[in-house]
$ cat structure.txt   # compact mmCIF, C-alpha atoms (C1' of nucleotides)
# COMPACT_ATOMS: atom_id res chain seq x y z
CA MET A 6 9.88 12.38 -42.86
CA LYS A 7 8.27 9.16 -41.77
CA LYS A 8 6.68 7.46 -44.75
CA ASN A 9 9.46 5.19 -45.91
CA SER A 10 11.71 4.74 -42.94
CA ASN A 11 9.56 3.28 -40.23
CA TYR A 12 12.70 2.19 -38.43
CA PRO A 13 13.94 5.35 -36.74
CA ASN A 14 10.32 6.15 -36.15
CA THR A 15 9.79 3.04 -34.10
CA ARG A 16 12.93 3.67 -32.14
CA ILE A 17 11.73 7.09 -31.15
CA GLN A 18 8.36 5.68 -30.24
CA ARG A 19 10.00 3.11 -28.04
CA GLN A 20 12.08 5.74 -26.36
CA LYS A 21 9.07 7.93 -25.68
CA ARG A 22 7.14 5.03 -24.29
CA LEU A 23 10.01 4.25 -21.97
CA GLN A 24 10.09 7.85 -20.86
CA ILE A 25 6.39 7.67 -20.08
CA LEU A 26 6.73 4.38 -18.22
CA GLU A 27 9.51 5.81 -16.12
CA ALA A 28 7.36 8.78 -15.17
CA ALA A 29 4.32 6.59 -14.55
CA LEU A 30 6.31 4.28 -12.29
CA LYS A 31 7.27 7.21 -10.13
CA ILE A 32 3.72 8.56 -9.92
CA PHE A 33 1.88 5.26 -9.52
CA SER A 34 4.29 4.05 -6.86
CA THR A 35 3.84 7.13 -4.71
CA HIS A 36 0.13 7.80 -5.15
CA GLY A 37 -1.36 4.46 -6.08
CA TYR A 38 -3.42 3.89 -9.20
CA ARG A 39 -6.39 6.06 -8.35
CA GLY A 40 -4.27 8.74 -6.73
CA SER A 41 -2.26 9.15 -9.92
CA THR A 42 -3.53 11.39 -12.68
CA LEU A 43 -2.56 11.61 -16.31
CA ASP A 44 -1.70 15.23 -15.64
CA LYS A 45 0.89 14.30 -13.06
CA ILE A 46 2.36 11.58 -15.24
CA ALA A 47 2.49 13.84 -18.28
CA LEU A 48 4.11 16.60 -16.23
CA GLU A 49 6.69 14.18 -14.88
CA ALA A 50 7.39 12.87 -18.38
CA ARG A 51 7.62 16.44 -19.70
CA ILE A 52 5.02 15.96 -22.39
CA SER A 53 1.44 17.07 -22.80
CA LYS A 54 -1.46 14.93 -21.72
CA PRO A 55 -2.89 14.35 -25.21
CA ASN A 56 0.57 13.49 -26.40
CA LEU A 57 0.85 10.94 -23.64
CA LEU A 58 -2.42 9.44 -24.80
CA TYR A 59 -1.03 9.24 -28.27
CA TYR A 60 1.53 6.70 -27.05
CA TYR A 61 -0.70 4.87 -24.61
CA LYS A 62 -4.37 4.91 -25.31
CA SER A 63 -5.45 4.81 -21.70
CA LYS A 64 -4.31 5.11 -18.11
CA GLN A 65 -5.07 1.44 -17.61
CA GLU A 66 -2.78 0.48 -20.45
CA ILE A 67 0.20 2.24 -18.90
CA HIS A 68 -0.45 0.61 -15.57
CA LYS A 69 -0.89 -2.80 -17.11
CA GLU A 70 2.40 -2.58 -18.96
CA LEU A 71 4.18 -1.51 -15.78
CA ILE A 72 2.74 -4.32 -13.69
CA ASN A 73 3.45 -6.98 -16.27
CA GLY A 74 6.98 -5.78 -16.86
CA LEU A 75 7.52 -5.83 -13.13
CA MET A 76 6.59 -9.40 -12.37
CA GLN A 77 9.44 -11.16 -14.13
CA LYS A 78 11.99 -8.90 -12.50
CA TRP A 79 10.32 -9.49 -9.18
CA LEU A 80 10.44 -13.26 -9.34
CA ALA A 81 13.98 -13.52 -10.68
CA PRO A 82 15.74 -13.69 -7.31
CA LEU A 83 13.69 -16.66 -6.19
CA ARG A 84 14.18 -18.37 -9.54
CA GLU A 85 17.91 -18.26 -9.02
CA MET A 86 17.80 -20.36 -5.87
CA LYS A 87 19.25 -23.69 -6.94
CA LYS A 88 18.70 -27.14 -5.52
CA ASN A 89 22.31 -28.14 -5.93
CA GLY A 90 23.78 -25.26 -4.03
CA GLU A 91 24.78 -25.31 -0.40
CA PRO A 92 21.53 -24.60 1.52
CA ILE A 93 22.74 -21.89 3.89
CA ALA A 94 24.67 -20.17 1.11
CA GLU A 95 21.68 -20.32 -1.23
CA LEU A 96 19.39 -18.74 1.34
CA ARG A 97 21.98 -16.15 2.21
CA SER A 98 22.34 -15.02 -1.37
CA TYR A 99 18.60 -15.08 -1.93
CA ILE A 100 18.19 -12.70 0.98
CA ARG A 101 21.01 -10.60 -0.39
CA ARG A 102 19.43 -10.36 -3.80
CA LYS A 103 16.06 -9.45 -2.34
CA ILE A 104 17.46 -6.70 -0.16
CA GLU A 105 19.35 -5.35 -3.15
CA MET A 106 16.11 -5.21 -5.10
CA ALA A 107 14.46 -3.27 -2.28
CA ARG A 108 17.41 -0.90 -2.36
CA ASP A 109 17.65 -0.48 -6.12
CA PHE A 110 13.98 -0.72 -7.10
CA PRO A 111 11.92 0.74 -4.26
CA ARG A 112 9.35 2.18 -6.64
CA GLU A 113 8.70 -1.20 -8.17
CA SER A 114 8.33 -2.63 -4.70
CA ARG A 115 5.75 -0.04 -3.73
CA LEU A 116 3.87 -0.50 -6.98
CA PHE A 117 3.67 -4.19 -6.24
CA ASN A 118 2.69 -3.55 -2.64
CA ASN A 119 -0.11 -1.31 -3.77
CA GLU A 120 -1.38 -3.83 -6.25
CA ILE A 121 -1.45 -6.66 -3.71
CA THR A 122 -2.87 -4.57 -0.87
CA GLN A 123 -5.83 -3.64 -3.03
CA GLY A 124 -6.61 -7.24 -3.83
CA ALA A 125 -4.30 -7.80 -6.82
CA PRO A 126 -7.06 -7.06 -9.36
CA HIS A 127 -4.66 -7.09 -12.30
CA ILE A 128 -2.36 -9.98 -11.44
CA LYS A 129 -4.51 -12.45 -9.59
CA ASP A 130 -4.03 -15.01 -12.35
CA LEU A 131 -0.31 -14.61 -12.14
CA LEU A 132 -0.31 -15.10 -8.39
CA GLU A 133 -2.41 -18.23 -8.56
CA GLY A 134 -0.50 -19.60 -11.54
CA GLU A 135 3.10 -18.75 -12.19
CA LEU A 136 3.91 -17.45 -8.72
CA LYS A 137 2.23 -20.30 -6.90
CA GLU A 138 4.06 -22.89 -8.98
CA LEU A 139 7.40 -21.20 -8.52
CA VAL A 140 6.95 -21.01 -4.77
CA GLU A 141 5.82 -24.61 -4.57
CA GLU A 142 8.91 -25.69 -6.47
CA LYS A 143 11.26 -23.73 -4.25
CA ALA A 144 9.47 -24.71 -1.05
CA LYS A 145 9.99 -28.31 -2.06
CA ILE A 146 13.70 -27.72 -2.47
CA ILE A 147 13.94 -26.06 0.90
CA SER A 148 11.95 -28.83 2.55
CA ALA A 149 14.27 -31.40 1.02
CA TRP A 150 17.25 -29.59 2.52
CA MET A 151 15.54 -29.79 5.88
CA GLU A 152 14.88 -33.49 5.49
CA GLU A 153 18.56 -33.98 4.77
CA GLY A 154 19.36 -32.26 8.05
CA LYS A 155 20.99 -29.32 6.32
CA LEU A 156 18.52 -26.86 7.85
CA ARG A 157 16.39 -26.73 10.92
CA LYS A 158 12.89 -27.91 10.13
CA VAL A 159 10.44 -25.05 9.74
CA ASP A 160 7.60 -24.29 7.35
CA ALA A 161 9.22 -23.53 4.00
CA TYR A 162 6.33 -21.39 2.74
CA HIS A 163 6.33 -19.14 5.74
CA LEU A 164 10.08 -18.93 5.50
CA ILE A 165 9.75 -17.55 2.00
CA PHE A 166 6.99 -15.17 3.08
CA SER A 167 9.12 -13.85 5.90
CA ILE A 168 12.02 -13.16 3.56
CA TRP A 169 9.71 -11.28 1.21
CA ALA A 170 8.24 -9.31 4.07
CA THR A 171 11.46 -8.32 5.77
CA THR A 172 13.25 -7.27 2.64
CA GLN A 173 10.42 -5.38 0.98
CA HIS A 174 9.79 -3.56 4.24
CA TYR A 175 12.86 -1.42 3.62
CA ALA A 176 11.43 -0.18 0.36
CA ASP A 177 7.75 0.09 1.25
CA PHE A 178 8.11 1.49 4.76
CA ASP A 179 11.09 3.65 3.94
CA VAL A 180 9.58 6.79 5.48
CA GLN A 181 8.99 4.98 8.74
CA VAL A 182 12.46 3.48 8.81
CA CYS A 183 13.94 6.90 8.10
CA ALA A 184 11.81 8.57 10.75
CA ILE A 185 13.13 6.17 13.35
CA LEU A 186 16.75 5.78 12.31
CA GLY A 187 17.21 9.34 11.13
CA GLU A 188 17.41 10.71 7.64
CA GLU A 189 21.03 9.88 6.94
CA LYS A 190 22.10 8.27 3.72
CA SER A 191 20.27 5.03 3.30
CA LYS A 192 22.85 2.96 1.45
CA LYS A 193 24.34 2.07 4.80
CA ARG A 194 20.92 1.12 6.08
CA PHE A 195 20.57 -1.69 3.58
CA ASP A 196 23.91 -3.13 4.59
CA GLU A 197 22.85 -3.11 8.23
CA ALA A 198 19.59 -4.72 7.27
CA ALA A 199 21.32 -7.39 5.23
CA LYS A 200 23.68 -8.13 8.06
CA PHE A 201 20.86 -8.39 10.57
CA LEU A 202 18.76 -10.64 8.35
CA GLU A 203 21.71 -12.88 7.74
CA GLN A 204 22.29 -13.31 11.45
CA LEU A 205 18.63 -13.90 12.11
CA TYR A 206 18.11 -16.45 9.37
CA ILE A 207 21.38 -18.25 9.65
CA GLY A 208 21.02 -18.41 13.41
CA GLY A 209 17.41 -19.46 13.15
CA LEU A 210 17.93 -22.07 10.47
CA LYS A 211 21.21 -23.74 11.27
CA PRO A 212 20.40 -27.31 12.18
CA GLU A 213 20.43 -27.98 15.89
CA LYS A 214 23.15 -30.18 17.17
CA MET B 8 -37.48 16.47 20.18
CA LYS B 9 -33.97 17.74 20.64
CA LYS B 10 -34.04 21.20 22.19
CA ASN B 11 -33.71 20.36 25.85
CA SER B 12 -32.16 16.94 25.97
CA ASN B 13 -28.88 17.18 24.15
CA TYR B 14 -27.81 13.97 25.87
CA PRO B 15 -29.53 11.26 23.84
CA ASN B 16 -28.86 13.39 20.84
CA THR B 17 -25.15 13.27 21.37
CA ARG B 18 -25.27 9.56 21.96
CA ILE B 19 -27.02 9.00 18.66
CA GLN B 20 -24.52 11.29 16.96
CA ARG B 21 -21.67 9.28 18.38
CA GLN B 22 -23.24 6.06 17.26
CA LYS B 23 -23.73 7.36 13.73
CA ARG B 24 -20.20 8.60 13.58
CA LEU B 25 -18.97 5.19 14.64
CA GLN B 26 -21.09 3.59 11.97
CA ILE B 27 -19.54 5.91 9.40
CA LEU B 28 -16.01 5.25 10.63
CA GLU B 29 -16.57 1.52 10.42
CA ALA B 30 -17.72 1.84 6.81
CA ALA B 31 -14.91 4.23 5.96
CA LEU B 32 -12.31 1.88 7.41
CA LYS B 33 -13.51 -0.87 5.12
CA ILE B 34 -13.51 1.33 2.04
CA PHE B 35 -10.29 3.22 2.68
CA SER B 36 -8.39 0.05 3.54
CA THR B 37 -9.35 -1.68 0.31
CA HIS B 38 -9.21 1.21 -2.16
CA GLY B 39 -6.81 3.70 -0.63
CA TYR B 40 -7.71 7.31 0.01
CA ARG B 41 -8.19 8.48 -3.54
CA GLY B 42 -9.79 5.24 -4.63
CA SER B 43 -12.46 5.65 -2.00
CA THR B 44 -15.48 7.80 -2.69
CA LEU B 45 -18.07 9.28 -0.39
CA ASP B 46 -20.63 7.36 -2.40
CA LYS B 47 -19.05 4.04 -1.53
CA ILE B 48 -18.65 4.96 2.11
CA ALA B 49 -22.21 6.23 2.37
CA LEU B 50 -23.51 3.10 0.69
CA GLU B 51 -21.52 0.90 3.03
CA ALA B 52 -22.77 2.87 6.03
CA ARG B 53 -26.34 2.70 4.70
CA ILE B 54 -26.91 6.43 4.76
CA SER B 55 -27.09 9.10 2.10
CA LYS B 56 -24.06 11.07 1.03
CA PRO B 57 -25.32 14.46 2.25
CA ASN B 58 -26.25 12.83 5.54
CA LEU B 59 -22.74 11.49 5.83
CA LEU B 60 -21.42 14.99 5.29
CA TYR B 61 -23.69 16.18 8.04
CA TYR B 62 -21.68 14.11 10.53
CA TYR B 63 -18.27 14.66 9.01
CA LYS B 64 -17.76 17.84 7.12
CA SER B 65 -15.27 16.41 4.67
CA LYS B 66 -13.68 13.24 3.37
CA GLN B 67 -10.36 14.33 4.83
CA GLU B 68 -11.91 14.64 8.27
CA ILE B 69 -13.10 11.04 8.24
CA HIS B 70 -9.71 9.83 7.13
CA LYS B 71 -7.91 11.90 9.71
CA GLU B 72 -10.03 10.55 12.53
CA LEU B 73 -9.42 6.99 11.36
CA ILE B 74 -5.67 7.41 11.12
CA ASN B 75 -5.37 9.10 14.48
CA GLY B 76 -7.57 6.57 16.22
CA LEU B 77 -5.47 3.82 14.71
CA MET B 78 -2.06 4.82 15.97
CA GLN B 79 -2.55 4.14 19.66
CA LYS B 80 -3.96 0.71 18.99
CA TRP B 81 -1.09 0.05 16.67
CA LEU B 82 1.63 0.89 19.15
CA ALA B 83 0.08 -0.88 22.11
CA PRO B 84 1.75 -4.27 21.57
CA LEU B 85 5.23 -2.76 21.60
CA ARG B 86 4.36 -0.66 24.65
CA GLU B 87 3.60 -3.82 26.57
CA MET B 88 7.10 -5.21 26.20
CA LYS B 89 8.59 -4.88 29.67
CA LYS B 90 12.18 -4.57 30.73
CA ASN B 91 11.72 -6.82 33.75
CA GLY B 92 10.28 -9.75 31.87
CA GLU B 93 12.25 -12.73 30.68
CA PRO B 94 13.73 -11.63 27.30
CA ILE B 95 12.79 -14.62 25.16
CA ALA B 96 9.31 -14.74 26.66
CA GLU B 97 8.82 -11.00 26.13
CA LEU B 98 9.79 -11.23 22.49
CA ARG B 99 7.68 -14.29 22.02
CA SER B 100 4.57 -12.60 23.34
CA TYR B 101 5.29 -9.43 21.42
CA ILE B 102 5.34 -11.45 18.22
CA ARG B 103 2.20 -13.22 19.32
CA ARG B 104 0.38 -9.95 19.96
CA LYS B 105 1.46 -8.54 16.63
CA ILE B 106 0.33 -11.56 14.67
CA GLU B 107 -2.99 -11.43 16.48
CA MET B 108 -3.39 -7.82 15.45
CA ALA B 109 -2.74 -8.76 11.83
CA ARG B 110 -5.36 -11.47 12.17
CA ASP B 111 -7.99 -9.42 13.98
CA PHE B 112 -7.43 -6.00 12.43
CA PRO B 113 -6.29 -6.51 8.85
CA ARG B 114 -8.14 -3.43 7.64
CA GLU B 115 -6.30 -1.23 10.09
CA SER B 116 -3.05 -2.78 8.97
CA ARG B 117 -3.76 -2.03 5.34
CA LEU B 118 -4.85 1.50 6.12
CA PHE B 119 -1.56 2.03 7.92
CA ASN B 120 0.39 0.38 5.11
CA ASN B 121 -1.25 2.66 2.60
CA GLU B 122 -0.49 5.75 4.64
CA ILE B 123 3.19 4.86 5.07
CA THR B 124 3.70 3.70 1.51
CA GLN B 125 2.48 7.04 0.23
CA GLY B 126 4.93 8.93 2.37
CA ALA B 127 2.95 9.19 5.62
CA PRO B 128 1.62 12.66 4.78
CA HIS B 129 -0.76 12.72 7.74
CA ILE B 130 1.33 11.11 10.48
CA LYS B 131 4.87 12.13 9.77
CA ASP B 132 5.01 14.04 13.05
CA LEU B 133 3.85 11.03 14.94
CA LEU B 134 6.47 8.81 13.33
CA GLU B 135 9.29 11.19 14.09
CA GLY B 136 8.02 11.91 17.60
CA GLU B 137 6.03 9.41 19.57
CA LEU B 138 6.92 6.35 17.49
CA LYS B 139 10.61 7.14 17.31
CA GLU B 140 10.82 7.62 21.06
CA LEU B 141 8.93 4.45 21.80
CA VAL B 142 11.15 2.42 19.51
CA GLU B 143 14.29 3.95 20.96
CA GLU B 144 13.14 3.06 24.44
CA LYS B 145 12.37 -0.54 23.52
CA ALA B 146 15.50 -0.94 21.43
CA LYS B 147 17.47 0.10 24.48
CA ILE B 148 15.78 -2.57 26.55
CA ILE B 149 16.50 -5.22 23.96
CA SER B 150 20.10 -4.11 23.63
CA ALA B 151 20.50 -4.32 27.38
CA TRP B 152 19.24 -7.90 27.30
CA MET B 153 21.86 -8.64 24.69
CA GLU B 154 24.59 -7.08 26.77
CA GLU B 155 23.57 -9.29 29.66
CA GLY B 156 24.01 -12.31 27.40
CA LYS B 157 20.33 -13.14 27.45
CA LEU B 158 20.05 -12.77 23.69
CA ARG B 159 22.37 -13.11 20.75
CA LYS B 160 23.71 -9.71 19.77
CA VAL B 161 21.96 -8.27 16.74
CA ASP B 162 20.72 -4.82 15.78
CA ALA B 163 17.70 -4.14 17.99
CA TYR B 164 16.11 -1.66 15.58
CA HIS B 165 16.21 -4.03 12.66
CA LEU B 166 14.92 -6.75 14.90
CA ILE B 167 11.86 -4.66 15.63
CA PHE B 168 11.45 -3.77 11.95
CA SER B 169 11.57 -7.42 10.99
CA ILE B 170 8.86 -8.31 13.50
CA TRP B 171 6.66 -5.55 12.13
CA ALA B 172 7.28 -6.65 8.57
CA THR B 173 6.70 -10.35 9.05
CA THR B 174 3.54 -9.99 11.07
CA GLN B 175 1.87 -7.26 9.04
CA HIS B 176 2.63 -9.20 5.89
CA TYR B 177 -0.16 -11.63 6.72
CA ALA B 178 -2.69 -8.81 6.76
CA ASP B 179 -1.39 -6.65 3.92
CA PHE B 180 -0.43 -9.40 1.50
CA ASP B 181 -3.33 -11.62 2.35
CA VAL B 182 -4.36 -12.17 -1.28
CA GLN B 183 -0.88 -13.32 -2.17
CA VAL B 184 -0.64 -15.64 0.81
CA CYS B 185 -4.04 -17.09 -0.05
CA ALA B 186 -3.12 -17.48 -3.70
CA ILE B 187 -0.10 -19.54 -2.75
CA LEU B 188 -1.40 -21.55 0.18
CA GLY B 189 -4.92 -21.97 -1.14
CA GLU B 190 -8.09 -20.28 -0.08
CA GLU B 191 -8.84 -22.41 2.96
CA LYS B 192 -9.87 -20.85 6.23
CA SER B 193 -7.22 -18.46 7.35
CA LYS B 194 -7.46 -18.77 11.12
CA LYS B 195 -5.17 -21.77 10.87
CA ARG B 196 -2.77 -19.77 8.74
CA PHE B 197 -2.06 -17.34 11.53
CA ASP B 198 -1.27 -20.15 13.91
CA GLU B 199 1.18 -21.61 11.42
CA ALA B 200 2.72 -18.21 10.94
CA ALA B 201 3.03 -17.64 14.67
CA LYS B 202 4.67 -21.00 15.11
CA PHE B 203 7.11 -20.36 12.29
CA LEU B 204 8.05 -16.91 13.55
CA GLU B 205 8.57 -18.27 17.02
CA GLN B 206 10.96 -20.90 15.74
CA LEU B 207 12.79 -18.42 13.57
CA TYR B 208 13.22 -15.75 16.22
CA ILE B 209 13.86 -17.99 19.17
CA GLY B 210 16.33 -20.00 17.13
CA GLY B 211 17.93 -16.87 15.75
CA LEU B 212 18.14 -15.03 19.02
CA LYS B 213 19.00 -17.61 21.63
CA PRO B 214 22.46 -16.77 22.91
CA GLU B 215 25.18 -18.96 21.46
CA LYS B 216 26.84 -21.30 23.85
C1' DG C 9 -31.60 15.13 10.89
C1' DT C 10 -32.44 13.57 6.35
C1' DC C 11 -33.43 14.11 1.63
C1' DT C 12 -33.37 16.02 -3.54
C1' DA C 13 -31.20 18.96 -6.45
C1' DT C 14 -27.25 21.15 -7.83
C1' DA C 15 -22.93 23.87 -7.86
C1' DT C 16 -17.97 23.25 -8.67
C1' DA C 17 -13.78 20.95 -9.61
C1' DT C 18 -11.13 17.28 -11.34
C1' DT C 19 -9.96 13.96 -14.58
C1' DG C 20 -9.81 10.48 -18.41
C1' DA C 21 -10.25 10.75 -23.05
C1' DT C 22 -11.28 12.75 -27.89
C1' DA C 23 -11.56 16.18 -31.91
C1' DG C 24 -9.30 18.60 -34.96
C1' DA C 25 -5.90 22.29 -36.31
C1' DC C 26 -1.12 22.55 -37.40
C1' DG D 8 3.56 13.79 -33.70
C1' DT D 9 2.18 17.53 -30.93
C1' DC D 10 -0.84 21.02 -29.43
C1' DT D 11 -5.37 23.69 -27.95
C1' DA D 12 -9.92 23.19 -26.91
C1' DT D 13 -13.34 20.58 -25.14
C1' DC D 14 -16.48 16.69 -23.96
C1' DA D 15 -18.34 13.46 -20.62
C1' DA D 16 -18.06 11.28 -16.43
C1' DT D 17 -17.04 11.42 -11.54
C1' DA D 18 -16.74 13.15 -7.18
C1' DT D 19 -16.60 16.56 -3.26
C1' DA D 20 -19.39 19.56 -1.16
C1' DT D 21 -23.43 22.79 -0.43
C1' DA D 22 -28.36 24.76 -0.67
C1' DG D 23 -32.57 24.44 0.76
C1' DA D 24 -37.05 21.89 1.27
C1' DC D 25 -39.23 18.91 4.56
$ encode --input "structure.txt" --output "structure tokens"
Amino acid sequence: MKKNSNYPNTRIQRQKRLQILEAALKIFSTHGYRGSTLDKIALEARISKPNLLYYYKSKQEIHKELINGLMQKWLAPLREMKKNGEPIAELRSYIRRKIEMARDFPRESRLFNNEITQGAPHIKDLLEGELKELVEEKAKIISAWMEEGKLRKVDAYHLIFSIWATTQHYADFDVQVCAILGEEKSKKRFDEAAKFLEQLYIGGLKPEK
Amino acid sequence: MKKNSNYPNTRIQRQKRLQILEAALKIFSTHGYRGSTLDKIALEARISKPNLLYYYKSKQEIHKELINGLMQKWLAPLREMKKNGEPIAELRSYIRRKIEMARDFPRESRLFNNEITQGAPHIKDLLEGELKELVEEKAKIISAWMEEGKLRKVDAYHLIFSIWATTQHYADFDVQVCAILGEEKSKKRFDEAAKFLEQLYIGGLKPEK
DNA sequence: GTCTATATATTGATAGAC
DNA sequence: GTCTATCAATATATAGAC
């Protein structure tokens, strides 16, 4: 049932691999790399451990595929910030997109957090290459806006860092935020956060008269 | 040499335990709980593994003592924010203290990050009790300042969260920051960061005319 | 108090039947 | 492709000599 038609076969393979990745994302993001076991991942994916290793030949390989797949998604919001837009509006929607990512992809955020916190062993190249260049490009744009008097003059790099930090906080430190604000539905929380950040950044960056 | 005088004995014990904690902090903060092994900790502390387990009877016990010891230090900066101070100055020095903690105790910051990211299994009570109360108290103070027109009106809780996020970012995401800004000495970096955060927050929180 | 040797459990990965 | 059984490597913890 598989000799000739390698087509449906591949489709099923792809689907299984996705199913495994989904499970692995959940496990890795909550327990870290070392804290995650193939047993837990296999259980979560509802397959046996050897079967899991039939689709991915090692734990490392699953993790690597997750991390790599993550990076492009993670950088997309910053990529979208355009030079020709209106500065305040561009920043506002960048913040909005980032907070939406924290809301919709908290597991990815934590996976990333974990990777960086432990020294970024798997993506150091990416950080020093692609990420660095992207940030330099966007920092230049922001600095130009400041020179034109469209924004108050501050350090563009630290501005970007602070946006990363504040938005990702709502994904990574979710338990803490919930402990303090109460366990109510968190959709609302992200709206509050977005509103606050908007006030803070717009207030802090509007050019002085 | 130890029957009668249990005094010097205890002092040596305490010193050894400190030595172990210091090593454990380094290991736990870089590899997470599961990623850390007694071997690594013992090696770092320059003692043998069984000897280590003579002073602490389990890995959990070391971790627990670290986490507990950390919390008070971690909350101190917020505790110092006083109702009677001048609002802008109080916030400014709170930010300053927090960024100094990120600079001087990055390992503690990462240990805390790791604990929270994984669901705060060991300090959930603390978050929902002591931390929550402290934050409520300080949020009330900040809100009162806003009511008096001393600060622009924003959500006091999210304000506190954002200060936590932005300052701890420089400890937890150090590799990323270094990758982007270059590997030069980082003392300077914290000054830049402090300056930026000051501009952002003061600009964003000064009451509108 | 400190060490060597070792018990015990967990875990990543493979072999081989079906 | 999936499963059972199992290997080999680690890692926590203990026993017992010194």
$ interface_residues --input "structure.txt" --of "chain B" --to "chain C" --cutoff "12 Å" --atoms "all atoms listed in the file" --output "list in words"
Met8, Lys9, Asn16, Ile19, Gln20, Lys23, Ile54, Ser55, Lys56, Pro57, Asn58, Leu59, Leu60, Tyr61 and Tyr62 of chain B
$ residues_around --input "structure.txt" --residues "region 176-189 of chain A" --least-positions-apart "6" --cutoff "7 Å" --atoms "all atoms listed in the file" --output "NGL selection string"
(:A and (107-108 or 111 or 114-115)) or (:B and (123-124 or 126 or 134-135 or 139))
$ interface_residues --input "structure.txt" --of "chain D" --to "chain B" --cutoff "12 Å" --atoms "all atoms listed in the file" --output "list in words"
DT17, DA18, DT19, DA20, DT21 and DA22 of chain D
$ atom_distance --input "structure.txt" --atom1 "CA of His68 (chain A)" --atom2 "CA of Thr37 (chain B)"
18.3 Å
$ closest_residue --input "structure.txt" --among "B:Ser43, B:Ser193, B:Asn75, B:Thr17" --to "chain A" --atoms "only C-alpha atoms"
B:Ser43
$ residues_around --input "structure.txt" --residues "Arg51 (chain A)" --least-positions-apart "6" --cutoff "10 Å" --atoms "only C-alpha atoms (C1' of nucleotides)" --output "list in words"
Gln24, Ile25, Ala28, Lys45 and Leu57 of chain A
$ atom_distance --input "structure.txt" --atom1 "CA of Gly154 (chain A)" --atom2 "CA of Ile93 (chain A)"
11.7 Å
$ atom_distance --input "structure.txt" --atom1 "CA of Arg86 (chain B)" --atom2 "CA of Glu154 (chain B)"
21.3 Å
$ closest_residue --input "structure.txt" --among "A:Ile147, A:Ala170, A:Ile67, A:Ala125" --to "Ile46 (chain A)" --atoms "all atoms listed in the file"
A:Ile67
$ closest_residue --input "structure.txt" --among "A:Glu27, A:Glu95, A:Glu105, A:Glu197" --to "chain B" --atoms "all atoms listed in the file"
A:Glu197
$ axis_aligned_box --input "structure.txt" --around "region 131-143 of chain B" --padding-each-side "4 Å" --output "lines of an AutoDock Vina configuration file"
center_x = 9.1
center_y = 8.2
center_z = 15.8
size_x = 18.4
size_y = 19.6
size_z = 20.0
$ closest_residue --input "structure.txt" --among "A:Lys145, A:Arg102, A:Lys155, A:Lys31" --to "Asp196 (chain A)" --atoms "all atoms listed in the file"
A:Arg102
$ residues_around --input "structure.txt" --residues "Lys143 (chain A)" --least-positions-apart "5" --cutoff "9 Å" --atoms "only C-alpha atoms (C1' of nucleotides)" --output "PyMOL selection string"
chain A and resi 83-84+86-88+138+148+161-162+165
$ closest_residue --input "structure.txt" --among "B:Ser36, B:Ser100, B:Asn91, B:Gln67" --to "chain A" --atoms "all atoms listed in the file"
B:Ser36
$ closest_residue --input "structure.txt" --among "B:Tyr208, B:Phe197, B:Tyr63, B:Trp81" --to "chain A" --atoms "all atoms listed in the file"
B:Tyr208
$ residues_around --input "structure.txt" --residues "Gly74 (chain A)" --least-positions-apart "6" --cutoff "12 Å" --atoms "only C-alpha atoms (C1' of nucleotides)" --output "list in words"
Leu23, Leu26, Glu27, Leu30, Ile67, His68, Leu80, Glu113, Leu116, Phe117 and Ile128 of chain A
$ write_last_selection --input "structure.txt" --atoms "C-alpha atoms" --output "short mmCIF file (atom, residue, chain, number, x, y, z; two decimals), in the coordinates of the input"
data_model
loop_
_atom_site.label_atom_id
_atom_site.label_comp_id
_atom_site.auth_asym_id
_atom_site.auth_seq_id
_atom_site.Cartn_x
_atom_site.Cartn_y
_atom_site.Cartn_z
CA LEU A 23 10.01 4.25 -21.97
CA LEU A 26 6.73 4.38 -18.22
CA GLU A 27 9.51 5.81 -16.12
CA LEU A 30 6.31 4.28 -12.29
CA ILE A 67 0.20 2.24 -18.90
CA HIS A 68 -0.45 0.61 -15.57
CA LEU A 80 10.44 -13.26 -9.34
CA GLU A 113 8.70 -1.20 -8.17
CA LEU A 116 3.87 -0.50 -6.98
CA PHE A 117 3.67 -4.19 -6.24
CA ILE A 128 -2.36 -9.98 -11.44
#
